[in-house]
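Novice: I am attaching a structure below and will ask some questions about it afterwards.
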Amino acid sequence: MTESTARPGACRFLDETLARTLAPYTPGEQPKDVADLLKLNTNENPYPPSPQVVSALAAQDPADARLYPDPEATSFKQALSETFGRPTSWFSVGNGSDELLAMSFLAFAGQGIAFPDVTYGFYPTLAGLFGRKVRIVALHEDFTWSPDDYHGIRETVVIPNPNAPTGIAAPLDDVRALLAQDADRLVIMDEAYVDFGAASAVSLLDDFDNLLVLRTMSKSRSLAGARIAFSLSNPEIARVLEVVRFSFNPYNLDRAALVAGAAACRDAAYFEQTRERVMATRERTASALRGLGCTVLPSAANFLFVRPPAAVSAPRYISQLRERGIIVRYFNAPRTSGHVRVSIGLPQDMDRFIAASAEIFDRKDA
């Protein structure tokens, strides 16, 4: 975020209530000059989009850019239906999962929203934007949660699974118990990273009508720049999201995004191949970092949450990595300030990162 977008500033036209609650999200750094820079800070997939996506986009007539996209997202929803074995009426679509989160906070959080204290930074931003009451639920000492933590909470619950920024995945039985706890409370499972090793709550949709699952194609489908996301839920919830979407921006996915999303769905082989590669590289990197004296949380995402050895603070680690041309992410908050988040790159990228870490820690056995 630039200084000009960090806060609304003094503007006499700004709504006073919004001015008190507006707290913009800070995206990960997107450096303009990336020559020789290893970017491991925003959890982008190191592999390119599916060849089928590339071919489908190449086949599009640029002259069709004059035409509006399909507001119903028909072809994309059909591809999603084939992929997940659900009717198209179970899906809504978003310009990135952040837009689906925004629509959900607007539509379903009138009584408030509850989420973990260590979580995705956009949740408090959206709550402030829409004036939603927030209930913070502390994660356990080991950064996990249990259904009992939410007992008696009536507000809508949103949980990232796997968690961001820790990468820890909740067992499906815990999600089931959370849903069963209160049939009249909506639970939103934000599954941006689920394809890298966690169990999806999609399998619970037949048993619980108080479940909304949000998914994105930014991570496991290598389409972060296309801004494509979707939700799965019972048709009643999906219909509400579609009404909200049509009340705000029915053309939220452009023509290229709809084509790319459908093509990505249909290339299951490439999806499996690339996510397996990312998971293998993640585990190898985690093992190497532990060998260097780091504490690495168990991850089911395409990143690692790492505490460097005691002799090296997290800010120093980040600074010295930057001096070596490597960018990682830091969250300067009480429970996370001792860690850094490291996105998983190509195998050779992580070799470079491991070697740099060993040098910083003054270890010769990397």
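Lettering and numbering for the structure tokens are positional, with chains as A, B, ... in the shown order, residues counted from 1 in each chain, and ligands counted from 1 in the shown order.
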So which bits of range 94-219 of chain A end up helix (DSSP H, G or I) when you DSSP the backbone, as number ranges by chain?

Specialist: A: 97-108, 122-129, 147-150, 172-181, 194-196, 201-204

Novice: Mind giving me the straight-line distance from CA of Lys39 in chain A to CA of Gln348 in chain A in Å, one decimal?

Specialist: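 Result for CA of Lys39 in chain A versus CA of Gln348 in chain A: 12.8 Å, one decimal.
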
Novice: Near Ala127 in chain A, counting only C-alpha atoms, which residues have an atom at most 9 Å away, once you skip same-chain residues fewer than 2 positions from it, shown as a PyMOL selection string?

Specialist: chain A and resi 21-22+102+105-106+109+112-113+122-125+129-134

Novice: Would you save the residues from that selection as a PDB file, in the first residue's frame, using C-alpha atoms?

Specialist:
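This is the output file selection-v7.pdb:
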ATOM      1  CA  THR A  21     -13.751   2.347  11.036  1.00  0.00           C
ATOM      2  CA  LEU A  22     -11.873   2.313   7.730  1.00  0.00           C
ATOM      3  CA  ALA A 102     -16.853  -8.714   1.057  1.00  0.00           C
ATOM      4  CA  PHE A 105     -19.650  -9.844   5.268  1.00  0.00           C
ATOM      5  CA  LEU A 106     -22.241  -7.520   3.757  1.00  0.00           C
ATOM      6  CA  ALA A 109     -22.679 -10.619   9.174  1.00  0.00           C
ATOM      7  CA  GLY A 112     -21.354  -9.478  13.761  1.00  0.00           C
ATOM      8  CA  ILE A 113     -18.442 -11.618  12.616  1.00  0.00           C
ATOM      9  CA  PHE A 122      -8.611  -8.637   5.253  1.00  0.00           C
ATOM     10  CA  TYR A 123     -11.200  -9.847   7.797  1.00  0.00           C
ATOM     11  CA  PRO A 124     -10.885  -6.848  10.154  1.00  0.00           C
ATOM     12  CA  THR A 125     -10.610  -4.537   7.142  1.00  0.00           C
ATOM     13  CA  LEU A 129     -15.672  -1.201   5.921  1.00  0.00           C
ATOM     14  CA  PHE A 130     -19.179  -2.561   6.531  1.00  0.00           C
ATOM     15  CA  GLY A 131     -19.433  -1.513  10.165  1.00  0.00           C
ATOM     16  CA  ARG A 132     -19.660  -5.081  11.441  1.00  0.00           C
ATOM     17  CA  LYS A 133     -19.161  -5.917  15.094  1.00  0.00           C
ATOM     18  CA  VAL A 134     -16.063  -8.104  15.535  1.00  0.00           C
TER      19      VAL A 134
END

Novice: Each residue of range 151-264 of chain A lying at most 10 Å from range 90-94 of chain A should get a row with its shortest atom-to-atom pair and the distance in Å to one decimal, counting only C-alpha atoms; could you produce that, ordered by chain and increasing number, as a tab-separated table?

Specialist:
residue	atom	partner	partner_atom	distance
A:Leu205	CA	A:Trp90	CA	9.9
A:Val213	CA	A:Phe91	CA	9.7
A:Leu214	CA	A:Ser92	CA	9.4
A:Arg215	CA	A:Val93	CA	9.5
A:Thr216	CA	A:Gly94	CA	8.8
A:Arg227	CA	A:Gly94	CA	7.9
A:Ile228	CA	A:Gly94	CA	6.2
A:Ala229	CA	A:Gly94	CA	4.9
A:Phe230	CA	A:Val93	CA	4.2
A:Ser231	CA	A:Ser92	CA	5.2
A:Leu232	CA	A:Phe91	CA	5.0
A:Ser233	CA	A:Trp90	CA	5.4
A:Asn234	CA	A:Trp90	CA	5.5
A:Pro235	CA	A:Trp90	CA	4.8
A:Glu236	CA	A:Trp90	CA	8.3
A:Ile237	CA	A:Trp90	CA	8.2
A:Ala238	CA	A:Ser92	CA	5.7
A:Arg239	CA	A:Ser92	CA	7.8
A:Val240	CA	A:Ser92	CA	9.2
A:Leu241	CA	A:Ser92	CA	6.4
A:Glu242	CA	A:Ser92	CA	6.0
A:Val243	CA	A:Ser92	CA	9.8
A:Arg245	CA	A:Gly94	CA	8.2
A:Asn249	CA	A:Gly94	CA	9.8
A:Pro250	CA	A:Gly94	CA	9.7
A:Tyr251	CA	A:Gly94	CA	9.7
A:Asn252	CA	A:Gly94	CA	6.6
A:Leu253	CA	A:Gly94	CA	6.9
A:Leu258	CA	A:Val93	CA	9.9

Novice: Hey, what does DSSP flag as strand (DSSP E) within range 152-365 of chain A? Can you give it to me as an NGL selection string?

Specialist: :A and (156-160 or 187-190 or 211-216 or 229-233 or 295-296 or 303-307 or 326-327 or 340-343)

Novice: Tell me, in Å to one decimal, how far CA of Asp207 in chain A is from CA of Arg86 in chain A.

Specialist: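 Distance between the two atoms: 13.9 Å.
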
Novice: Using only C-alpha atoms, which protein or nucleic acid residues come within 9 Å of range 316-322 of chain A? Drop anything in the same chain fewer than 2 positions from it, and give the result as a PyMOL selection string.

Specialist: chain A and resi 37+308+312-314+324-330+340+353+356-357+360-361

Novice: Choose the residue, out of A:Leu126, A:Val157, A:Leu297, A:Val118, that has the smallest atom-to-atom separation from Tyr25 in chain A; count only C-alpha atoms.

Specialist: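 With only C-alpha atoms as the atom set, the closest residue is A:Leu126.
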
Novice: Hey, can you check how far CA of Gly293 in chain A sits from CA of Glu359 in chain A?

Specialist: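 Rounded to one decimal, the two atoms are 12.7 Å apart.
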
Novice: Out of A:Tyr47, A:Phe143, A:Phe246, A:Phe208, which residue has the shortest atom-to-atom distance to Pro347 in chain A when counting only C-alpha atoms?

Specialist: A:Tyr47

Novice: Closest to Ser97 in chain A among A:Arg266, A:Arg255, A:Arg290, A:Lys219, using only C-alpha atoms?

Specialist: A:Lys219

Novice: With only C-alpha atoms as the atoms that count, which of A:Val137, A:Ala226, A:Val342, A:Leu101 lies nearest to Asp190 in chain A?

Specialist: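 Result for the nearest residue to Asp190 in chain A: A:Leu101.
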
Novice: Which neighbours of Trp145 in chain A fall inside 9 Å, counting only C-alpha atoms, when residues of the same chain fewer than 6 positions from it are skipped, and could you give them as a PyMOL selection string?

Specialist: chain A and resi 116+137-139+170+174

Novice: Filtering to N, CA and C atoms, could you give me those residues as a short mmCIF file (atom, residue, chain, number, x, y, z; two decimals), in the first residue's frame?

Specialist:
data_model
loop_
_atom_site.label_atom_id
_atom_site.label_comp_id
_atom_site.auth_asym_id
_atom_site.auth_seq_id
_atom_site.Cartn_x
_atom_site.Cartn_y
_atom_site.Cartn_z
N PRO A 116 -10.43 -15.80 14.15
CA PRO A 116 -9.28 -15.96 15.04
C PRO A 116 -8.45 -14.69 15.17
N VAL A 137 -11.44 -14.45 18.48
CA VAL A 137 -11.31 -15.71 19.21
C VAL A 137 -9.85 -16.13 19.17
N ALA A 138 -9.21 -16.18 20.31
CA ALA A 138 -7.77 -16.45 20.37
C ALA A 138 -7.47 -17.89 19.96
N LEU A 139 -6.48 -18.05 19.10
CA LEU A 139 -5.96 -19.38 18.81
C LEU A 139 -5.22 -19.91 20.04
N ALA A 170 -7.00 -27.32 9.94
CA ALA A 170 -7.87 -27.91 10.94
C ALA A 170 -8.40 -29.25 10.45
N ASP A 174 -13.17 -31.35 13.20
CA ASP A 174 -13.36 -30.11 13.96
C ASP A 174 -14.30 -29.16 13.21
#
